[in-house]
$ cat final10.csv   # CSV, C-alpha atoms and all ligand atoms
chain,number,residue,atom,x,y,z
A,1,MET,CA,-4.1,0.9,-19.1
A,2,GLY,CA,-3.6,-0.5,-15.6
A,3,GLN,CA,-4.9,0.9,-12.3
A,4,THR,CA,-2.4,2.4,-10.0
A,5,VAL,CA,-3.3,2.3,-6.3
A,6,VAL,CA,-1.4,3.8,-3.4
A,7,PHE,CA,-1.6,2.5,0.1
A,8,ALA,CA,-1.1,5.4,2.5
A,9,ASN,CA,-1.4,6.3,6.1
A,10,GLN,CA,1.0,8.7,8.0
A,11,LYS,CA,1.2,6.3,10.9
A,12,GLY,CA,3.5,3.3,11.0
A,13,GLY,CA,2.5,-0.2,11.9
A,14,VAL,CA,-1.1,0.1,10.7
A,15,GLY,CA,-0.9,-2.6,8.0
A,16,LYS,CA,0.0,-0.8,4.8
A,17,THR,CA,2.7,-3.2,3.8
A,18,THR,CA,0.8,-6.3,4.8
A,19,SER,CA,-2.2,-5.1,2.8
A,20,THR,CA,-0.2,-4.2,-0.2
A,21,VAL,CA,1.5,-7.6,-0.5
A,22,ASN,CA,-1.5,-9.7,0.3
A,23,ILE,CA,-4.1,-7.8,-1.8
A,24,GLY,CA,-1.5,-7.9,-4.6
A,25,ALA,CA,-1.0,-11.6,-4.3
A,26,PHE,CA,-4.7,-12.4,-4.4
A,27,ILE,CA,-5.2,-10.1,-7.4
A,28,ALA,CA,-2.3,-11.8,-9.2
A,29,ALA,CA,-3.6,-15.3,-8.2
A,30,ALA,CA,-6.9,-14.3,-10.0
A,31,GLY,CA,-4.8,-14.0,-13.1
A,32,ARG,CA,-4.2,-10.2,-13.3
A,33,ARG,CA,-0.7,-8.8,-13.8
A,34,VAL,CA,0.5,-7.0,-10.7
A,35,LEU,CA,3.5,-4.8,-10.0
A,36,LEU,CA,4.3,-4.0,-6.3
A,37,VAL,CA,6.3,-0.8,-5.8
A,38,ASP,CA,8.2,-0.6,-2.6
A,39,PHE,CA,8.3,3.1,-1.9
A,40,ASP,CA,9.4,2.9,1.7
A,41,PRO,CA,13.2,3.1,2.4
A,42,GLN,CA,12.7,0.5,5.1
A,43,GLY,CA,12.1,-2.1,2.3
A,44,ASN,CA,9.5,-4.2,4.2
A,45,LEU,CA,7.5,-4.9,1.2
A,46,SER,CA,10.6,-6.2,-0.6
A,47,SER,CA,11.6,-8.4,2.2
A,48,SER,CA,8.0,-9.7,2.6
A,49,VAL,CA,8.4,-11.3,-0.8
A,50,GLY,CA,11.9,-12.6,0.0
A,51,ILE,CA,13.9,-9.8,-1.7
A,52,ARG,CA,16.4,-8.5,0.9
A,53,LYS,CA,19.2,-7.1,-1.1
A,54,SER,CA,18.7,-5.6,-4.5
A,55,LYS,CA,21.5,-4.0,-6.5
A,56,VAL,CA,19.1,-1.9,-8.5
A,57,GLY,CA,16.0,-0.4,-6.9
A,58,VAL,CA,13.3,2.2,-7.3
A,59,TYR,CA,15.8,4.9,-6.3
A,60,ASP,CA,17.9,4.3,-9.4
A,61,VAL,CA,14.7,4.4,-11.6
A,62,LEU,CA,13.6,7.7,-9.9
A,63,ILE,CA,16.8,9.4,-10.7
A,64,GLY,CA,17.0,8.0,-14.2
A,65,GLN,CA,20.0,5.8,-13.6
A,66,ALA,CA,18.2,2.6,-14.5
A,67,SER,CA,15.1,1.6,-16.5
A,68,PRO,CA,12.2,-0.1,-14.6
A,69,ALA,CA,13.0,-3.3,-16.5
A,70,ASP,CA,16.5,-3.3,-14.9
A,71,ALA,CA,15.1,-3.1,-11.4
A,72,ILE,CA,11.9,-5.1,-11.5
A,73,VAL,CA,12.2,-8.7,-10.1
A,74,LYS,CA,9.9,-11.7,-9.9
A,75,THR,CA,8.2,-12.7,-6.6
A,76,PRO,CA,7.2,-16.1,-5.4
A,77,GLN,CA,3.6,-15.3,-6.6
A,78,GLU,CA,3.0,-15.9,-10.3
A,79,ASN,CA,1.9,-12.8,-12.2
A,80,MET,CA,3.3,-10.5,-9.4
A,81,GLU,CA,6.5,-8.6,-9.8
A,82,LEU,CA,8.3,-6.1,-7.6
A,83,LEU,CA,10.1,-2.8,-8.0
A,84,PRO,CA,12.3,-3.1,-4.9
A,85,SER,CA,13.2,-0.4,-2.4
A,86,ASP,CA,16.6,0.3,-1.0
A,87,LEU,CA,17.9,2.5,1.8
A,88,ARG,CA,19.2,5.1,-0.7
A,89,LEU,CA,15.5,6.0,-1.2
A,90,SER,CA,15.7,7.8,2.2
A,91,GLY,CA,18.3,10.1,0.6
A,92,ALA,CA,15.8,10.9,-2.1
A,93,THR,CA,13.6,12.6,0.5
A,94,VAL,CA,16.2,15.2,1.0
A,95,GLU,CA,17.3,15.4,-2.6
A,96,LEU,CA,13.8,15.8,-4.0
A,97,VAL,CA,12.7,18.6,-1.6
A,98,GLY,CA,14.6,21.2,-3.7
A,99,ALA,CA,14.1,19.6,-7.1
A,100,GLU,CA,11.8,21.0,-9.7
A,101,GLY,CA,8.7,18.9,-10.3
A,102,ARG,CA,9.6,16.9,-7.1
A,103,GLU,CA,6.1,15.5,-6.8
A,104,GLN,CA,6.2,13.9,-10.3
A,105,TYR,CA,9.2,11.7,-10.1
A,106,LEU,CA,7.5,8.4,-9.4
A,107,LYS,CA,4.7,9.1,-11.9
A,108,LYS,CA,7.4,9.6,-14.6
A,109,ALA,CA,9.4,6.6,-13.5
A,110,LEU,CA,6.3,4.3,-13.9
A,111,SER,CA,4.9,5.9,-17.1
A,112,SER,CA,6.8,3.6,-19.5
A,113,ILE,CA,5.6,0.4,-17.8
A,114,ARG,CA,2.1,1.3,-16.8
A,115,ASP,CA,0.4,-0.7,-19.6
A,116,GLN,CA,2.3,-3.9,-18.8
A,117,TYR,CA,0.3,-4.4,-15.6
A,118,ASP,CA,-3.4,-4.5,-14.7
A,119,TYR,CA,-2.6,-3.2,-11.2
A,120,ILE,CA,0.3,-1.3,-9.8
A,121,LEU,CA,0.3,-1.2,-6.0
A,122,ILE,CA,2.5,1.4,-4.2
A,123,ASP,CA,3.4,0.9,-0.6
A,124,CYS,CA,4.3,4.2,1.1
A,125,PRO,CA,6.4,5.2,4.2
A,126,PRO,CA,4.7,6.3,7.4
A,127,SER,CA,4.6,10.0,6.7
A,128,LEU,CA,2.9,12.6,4.5
A,129,GLY,CA,6.3,13.7,3.1
A,130,VAL,CA,7.6,13.9,-0.4
A,131,LEU,CA,7.6,10.2,-1.1
A,132,THR,CA,4.0,9.7,-0.1
A,133,ILE,CA,3.1,12.8,-2.2
A,134,ASN,CA,4.8,11.2,-5.1
A,135,GLY,CA,2.7,8.1,-4.5
A,136,PHE,CA,-0.5,10.2,-4.6
A,137,VAL,CA,0.5,11.9,-7.8
A,138,ALA,CA,1.4,8.6,-9.5
A,139,ALA,CA,-1.9,6.9,-8.6
A,140,GLN,CA,-5.5,6.9,-9.6
A,141,SER,CA,-6.8,5.8,-6.2
A,142,VAL,CA,-5.7,5.7,-2.6
A,143,ILE,CA,-6.5,3.0,-0.1
A,144,VAL,CA,-6.2,3.9,3.6
A,145,PRO,CA,-5.5,1.0,5.9
A,146,LEU,CA,-6.7,1.7,9.5
A,147,GLN,CA,-5.6,-0.3,12.5
A,148,CYS,CA,-8.5,-1.1,14.8
A,149,GLU,CA,-6.4,-0.4,17.9
A,150,PHE,CA,-5.9,3.2,17.7
A,151,PHE,CA,-7.7,6.1,19.3
A,152,ALA,CA,-7.9,9.8,18.4
A,153,LEU,CA,-8.5,8.9,14.9
A,154,GLU,CA,-10.4,12.0,13.9
A,155,GLY,CA,-7.6,14.6,13.8
A,156,PHE,CA,-5.4,12.1,12.2
A,157,LEU,CA,-7.9,11.2,9.4
A,158,ASN,CA,-8.6,14.9,8.9
A,159,MET,CA,-5.0,15.6,8.2
A,160,LEU,CA,-4.7,12.7,5.7
A,161,PHE,CA,-7.9,13.7,3.9
A,162,GLN,CA,-6.8,17.4,3.7
A,163,THR,CA,-3.6,16.3,2.1
A,164,ILE,CA,-5.5,14.1,-0.4
A,165,LYS,CA,-7.9,17.0,-1.2
A,166,ARG,CA,-5.0,19.3,-1.8
A,167,ILE,CA,-3.5,16.9,-4.2
A,168,GLN,CA,-6.8,16.4,-6.0
A,169,LYS,CA,-7.0,20.2,-6.5
A,170,SER,CA,-3.6,20.7,-7.8
A,171,LEU,CA,-1.2,17.9,-8.6
A,172,ASN,CA,-3.5,15.0,-9.5
A,173,THR,CA,-7.1,15.9,-10.4
A,174,ARG,CA,-7.8,12.2,-11.2
A,175,LEU,CA,-7.0,10.9,-7.8
A,176,THR,CA,-10.0,9.2,-6.1
A,177,VAL,CA,-10.4,7.6,-2.7
A,178,GLY,CA,-10.6,3.8,-3.3
A,179,GLY,CA,-11.6,3.3,0.3
A,180,ILE,CA,-10.7,2.9,3.9
A,181,MET,CA,-10.0,-0.6,5.2
A,182,PHE,CA,-9.9,-1.8,8.7
A,183,THR,CA,-7.2,-4.2,9.8
A,184,MET,CA,-5.9,-5.9,13.0
A,185,TYR,CA,-9.5,-6.3,14.2
A,186,ASP,CA,-9.8,-8.1,17.5
A,187,SER,CA,-13.3,-9.2,18.3
A,188,ARG,CA,-12.4,-9.6,22.0
A,189,THR,CA,-11.7,-6.0,22.5
A,190,ARG,CA,-14.2,-3.2,22.7
A,191,LEU,CA,-11.7,-0.8,21.3
A,192,SER,CA,-11.8,-2.5,17.8
A,193,GLN,CA,-15.6,-2.1,17.7
A,194,GLU,CA,-15.3,1.5,18.9
A,195,VAL,CA,-12.8,2.4,16.2
A,196,ILE,CA,-15.0,1.0,13.5
A,197,GLN,CA,-18.1,2.8,14.9
A,198,GLN,CA,-16.2,6.0,15.2
A,199,VAL,CA,-15.0,5.9,11.6
A,200,LYS,CA,-18.5,4.9,10.3
A,201,GLY,CA,-19.8,7.9,12.2
A,202,ALA,CA,-17.2,10.2,10.7
A,203,PHE,CA,-18.0,8.9,7.2
A,204,LYS,CA,-21.8,8.6,7.5
A,205,ALA,CA,-22.2,10.9,4.4
A,206,HIS,CA,-20.0,8.5,2.4
A,207,PRO,CA,-20.5,4.9,3.7
A,208,GLU,CA,-19.3,3.7,0.3
A,209,LEU,CA,-15.8,4.7,1.2
A,210,LEU,CA,-15.5,1.9,3.8
A,211,PHE,CA,-14.6,-1.5,2.5
A,212,LYS,CA,-16.9,-4.2,3.9
A,213,THR,CA,-14.2,-6.8,4.6
A,214,VAL,CA,-12.5,-6.3,7.9
A,215,ILE,CA,-9.1,-8.0,8.4
A,216,PRO,CA,-8.7,-9.6,11.8
A,217,ARG,CA,-5.6,-9.8,13.9
A,218,ASN,CA,-4.1,-13.1,12.8
A,219,ILE,CA,-0.7,-14.4,13.8
A,220,ARG,CA,-0.2,-16.1,10.4
A,221,LEU,CA,-0.2,-12.7,8.7
A,222,SER,CA,2.6,-11.5,10.9
A,223,GLU,CA,4.6,-14.7,10.4
A,224,ALA,CA,4.4,-14.8,6.6
A,225,PRO,CA,6.9,-12.0,5.8
A,226,SER,CA,9.8,-13.7,7.6
A,227,HIS,CA,9.2,-16.6,5.2
A,228,GLY,CA,9.2,-14.2,2.2
A,229,LEU,CA,5.7,-15.3,1.2
A,230,PRO,CA,2.4,-13.7,0.8
A,231,ILE,CA,-0.4,-15.2,2.9
A,232,ASN,CA,-2.0,-17.2,0.1
A,233,LEU,CA,1.3,-19.1,-0.4
A,234,TYR,CA,2.2,-19.3,3.3
A,235,ASP,CA,-1.1,-20.5,4.8
A,236,PRO,CA,-4.0,-20.3,2.3
A,237,ASN,CA,-6.6,-21.6,4.7
A,238,CYS,CA,-6.0,-19.3,7.7
A,239,VAL,CA,-8.5,-16.6,8.5
A,240,GLY,CA,-6.1,-13.8,7.5
A,241,ALA,CA,-5.8,-15.4,4.0
A,242,ARG,CA,-9.6,-15.7,3.6
A,243,SER,CA,-10.1,-12.1,4.7
A,244,TYR,CA,-7.5,-10.7,2.3
A,245,ALA,CA,-9.0,-12.8,-0.5
A,246,ALA,CA,-12.4,-11.2,0.1
A,247,LEU,CA,-10.8,-7.7,0.3
A,248,ALA,CA,-8.9,-8.2,-2.9
A,249,ASP,CA,-12.2,-9.1,-4.6
A,250,GLU,CA,-13.7,-5.8,-3.3
A,251,VAL,CA,-10.6,-3.9,-4.5
A,252,MET,CA,-10.9,-5.4,-8.0
A,253,LYS,CA,-14.6,-4.4,-8.2
A,254,ARG,CA,-13.9,-0.9,-7.1
A,255,VAL,CA,-10.6,0.2,-8.7
A,301,LIG,N1,-4.0,-8.5,10.5
A,301,LIG,C1,-2.8,-8.6,11.2
A,301,LIG,N2,-2.7,-9.5,12.2
A,301,LIG,C2,-1.5,-9.6,12.9
A,301,LIG,N3,-0.4,-8.9,12.6
A,301,LIG,C3,-0.4,-8.0,11.6
A,301,LIG,C4,-1.6,-7.8,10.8
A,301,LIG,N4,-1.4,-6.9,9.9
A,301,LIG,C5,-0.1,-6.5,10.0
A,301,LIG,N5,0.5,-7.2,11.1
A,301,LIG,C6,1.8,-7.0,11.6
A,301,LIG,O1,1.9,-5.8,12.2
A,301,LIG,C7,3.2,-5.1,11.9
A,301,LIG,C8,2.9,-3.8,11.1
A,301,LIG,O2,2.3,-4.1,9.9
A,301,LIG,P1,2.8,-3.4,8.5
A,301,LIG,O3,1.9,-4.0,7.4
A,301,LIG,O4,4.2,-3.6,8.4
A,301,LIG,O5,2.4,-1.9,8.8
A,301,LIG,P2,2.9,-0.6,8.1
A,301,LIG,O6,3.4,-0.9,6.7
A,301,LIG,O7,1.7,0.3,8.0
A,301,LIG,O8,4.0,0.0,8.9
A,301,LIG,C9,3.9,-6.1,11.1
A,301,LIG,O9,4.8,-6.8,12.0
A,301,LIG,C10,2.9,-7.1,10.5
A,301,LIG,O10,3.4,-8.4,10.3
A,302,MG,MG,5.2,-0.6,5.8
$ encode --input "final10.csv" --output "structure tokens" --more "lines below"
Ligand SMILES: Nc1ncnc2c1ncn2[C@@H]1O[C@H](COP(=O)(O)OP(=O)(O)O)[C@@H](O)[C@H]1O
Ligand SMILES: [Mg+2]
Amino acid sequence: MGQTVVFANQKGGVGKTTSTVNIGAFIAAAGRRVLLVDFDPQGNLSSSVGIRKSKVGVYDVLIGQASPADAIVKTPQENMELLPSDLRLSGATVELVGAEGREQYLKKALSSIRDQYDYILIDCPPSLGVLTINGFVAAQSVIVPLQCEFFALEGFLNMLFQTIKRIQKSLNTRLTVGGIMFTMYDSRTRLSQEVIQQVKGAFKAHPELLFKTVIPRNIRLSEAPSHGLPINLYDPNCVGARSYAALADEVMKRV
């Protein structure tokens, strides 16, 4: 059975989507079967592999109106498929709040296709709301992307890890922390180094939770989505591509 990994962080713009698509692409390029799940109503993951309008999306699968096979599409990367998002997913936030078993919808939606993939990677919206909770329940591990340009990390990380602990106690006892990864690192700023030092300090009892590969700030990574391509297909030799290749190797070893 495949590994399901959720990329989560309640802040927007920290690199969740960029990490999901590029780690997925390098895992797929290594010959594993990958499914990307766009679980953000914004649909950035879908558009970053060139899927802008999809008739059937993850919302239809969630509410049982479509089978995963009806919704899943190919991406430009061989071995990598996508379950696209659509704006109706934002309605699900409201609809699910009152529904019984509201945290289990995504897990159920993916259950019939789990063994068709080696890795299922779920990209979450920037909140700890019902969609992200569904991601935590559907997954075996969570990867937390952290932007190296952000202060006051501690309260913010506490909140995230308290939520993960709550899920581990009740809704998904198998959930593990795959790791924390640093992105948008800028060697010219002291802030980047301070953020890494601060997180290392906060996790000194669990240094194994931090991925070794740090993703630098790299303009090519921000250009690739508008071409609908993961970085390995857009510019395989840029520093962003080489970094995500190394990070994808780490992910495959760990989860
Ligand atoms: N390492 C990076 N270097 C430069 N730009 C990046 C990098 N990672 C992400 N970006 C850009 O930063 C913005 C936010 O990243 P994104 O992955 O969409 O964050 P999130 O999904 O957490 O909201 C996007 O425009 C993306 O292209
Ligand atoms: Mg995103």
$ residues_around --input "final10.csv" --residues "Lys200 in chain A" --least-positions-apart "6" --cutoff "9 Å" --atoms "all atoms listed in the file" --output "PyMOL selection string"
chain A and resi 206-207+210
$ residues_near_point --input "final10.csv" --point "(0.3, 5.7, 12.3)" --cutoff "9 Å" --atoms "all atoms listed in the file" --output "list in words"
Asn9, Gln10, Lys11, Gly12, Gly13, Val14, Pro126, Ser127, Leu146, Gln147, Phe150 and Phe156 of chain A
$ residues_near_ligand --input "final10.csv" --ligand "ligand LIG 301 (chain A)" --cutoff "9 Å" --atoms "all atoms listed in the file" --output "VMD selection string"
chain A and resid 7 to 21 40 44 to 45 123 to 126 145 to 147 183 to 186 215 to 226 240
$ residues_around --input "final10.csv" --residues "range 245-250 of chain A" --least-positions-apart "2" --cutoff "12 Å" --atoms "all atoms listed in the file" --output "ChimeraX atom specification"
/A:19-30,32,119,121,143,145,178-183,208-216,230-232,236-243,252-255
$ atom_distance --input "final10.csv" --atom1 "CA of Phe39 in chain A" --atom2 "CA of Asp235 in chain A"
26.3 Å
$ atom_distance --input "final10.csv" --atom1 "CA of Ser141 in chain A" --atom2 "CA of Ile122 in chain A"
10.5 Å
$ residues_near_point --input "final10.csv" --point "(3.0, -10.5, -10.0)" --cutoff "6 Å" --atoms "all atoms listed in the file" --output "list in words"
Ala28, Arg33, Val34, Leu35, Gln77, Glu78, Asn79, Met80 and Glu81 of chain A
$ atom_distance --input "final10.csv" --atom1 "CA of Glu100 in chain A" --atom2 "CA of Ile133 in chain A"
14.1 Å
$ closest_residue --input "final10.csv" --among "A:Ile196, A:Thr173, A:Asp115, A:Thr132" --to "ligand MG 302 (chain A)" --atoms "all atoms listed in the file"
A:Thr132
$ closest_residue --input "final10.csv" --among "A:Gly64, A:Pro76, A:Gly101, A:Gly155" --to "Val137 in chain A" --atoms "all atoms listed in the file"
A:Gly101
$ closest_residue --input "final10.csv" --among "A:Thr4, A:Ser85, A:Val73, A:Cys148" --to "ligand MG 302 (chain A)" --atoms "all atoms listed in the file"
A:Ser85
$ decode --input "final10.csv" --residues "range 96-112 of chain A" --atoms "N, CA and C atoms" --output "short mmCIF file (atom, residue, chain, number, x, y, z; two decimals), in the first residue's frame"
data_model
loop_
_atom_site.label_atom_id
_atom_site.label_comp_id
_atom_site.auth_asym_id
_atom_site.auth_seq_id
_atom_site.Cartn_x
_atom_site.Cartn_y
_atom_site.Cartn_z
N LEU A 96 -19.28 20.55 5.36
CA LEU A 96 -18.74 19.46 6.18
C LEU A 96 -18.84 19.74 7.67
N VAL A 97 -18.88 21.04 8.04
CA VAL A 97 -18.83 21.36 9.46
C VAL A 97 -19.93 20.65 10.24
N GLY A 98 -21.13 20.56 9.66
CA GLY A 98 -22.22 19.91 10.38
C GLY A 98 -22.37 18.42 10.10
N ALA A 99 -21.55 17.90 9.19
CA ALA A 99 -21.77 16.52 8.74
C ALA A 99 -21.16 15.51 9.70
N GLU A 100 -21.80 14.39 9.80
CA GLU A 100 -21.27 13.32 10.65
C GLU A 100 -20.01 12.75 10.01
N GLY A 101 -19.02 12.46 10.83
CA GLY A 101 -17.76 11.91 10.31
C GLY A 101 -17.08 12.88 9.37
N ARG A 102 -17.24 14.18 9.64
CA ARG A 102 -16.76 15.21 8.70
C ARG A 102 -15.26 15.16 8.48
N GLU A 103 -14.53 14.57 9.42
CA GLU A 103 -13.07 14.54 9.28
C GLU A 103 -12.60 13.39 8.39
N GLN A 104 -13.50 12.50 8.02
CA GLN A 104 -13.11 11.24 7.35
C GLN A 104 -13.35 11.26 5.84
N TYR A 105 -13.91 12.34 5.32
CA TYR A 105 -14.36 12.34 3.93
C TYR A 105 -13.23 12.07 2.94
N LEU A 106 -12.11 12.74 3.12
CA LEU A 106 -11.01 12.56 2.15
C LEU A 106 -10.43 11.15 2.25
N LYS A 107 -10.28 10.67 3.48
CA LYS A 107 -9.76 9.32 3.67
C LYS A 107 -10.63 8.31 2.91
N LYS A 108 -11.95 8.45 3.06
CA LYS A 108 -12.87 7.54 2.37
C LYS A 108 -12.76 7.70 0.86
N ALA A 109 -12.65 8.94 0.43
CA ALA A 109 -12.59 9.21 -1.01
C ALA A 109 -11.36 8.56 -1.64
N LEU A 110 -10.28 8.48 -0.88
CA LEU A 110 -9.02 7.94 -1.44
C LEU A 110 -8.88 6.44 -1.24
N SER A 111 -9.74 5.86 -0.41
CA SER A 111 -9.50 4.47 0.01
C SER A 111 -9.47 3.49 -1.17
N SER A 112 -10.29 3.73 -2.18
CA SER A 112 -10.37 2.75 -3.28
C SER A 112 -9.17 2.83 -4.22
#
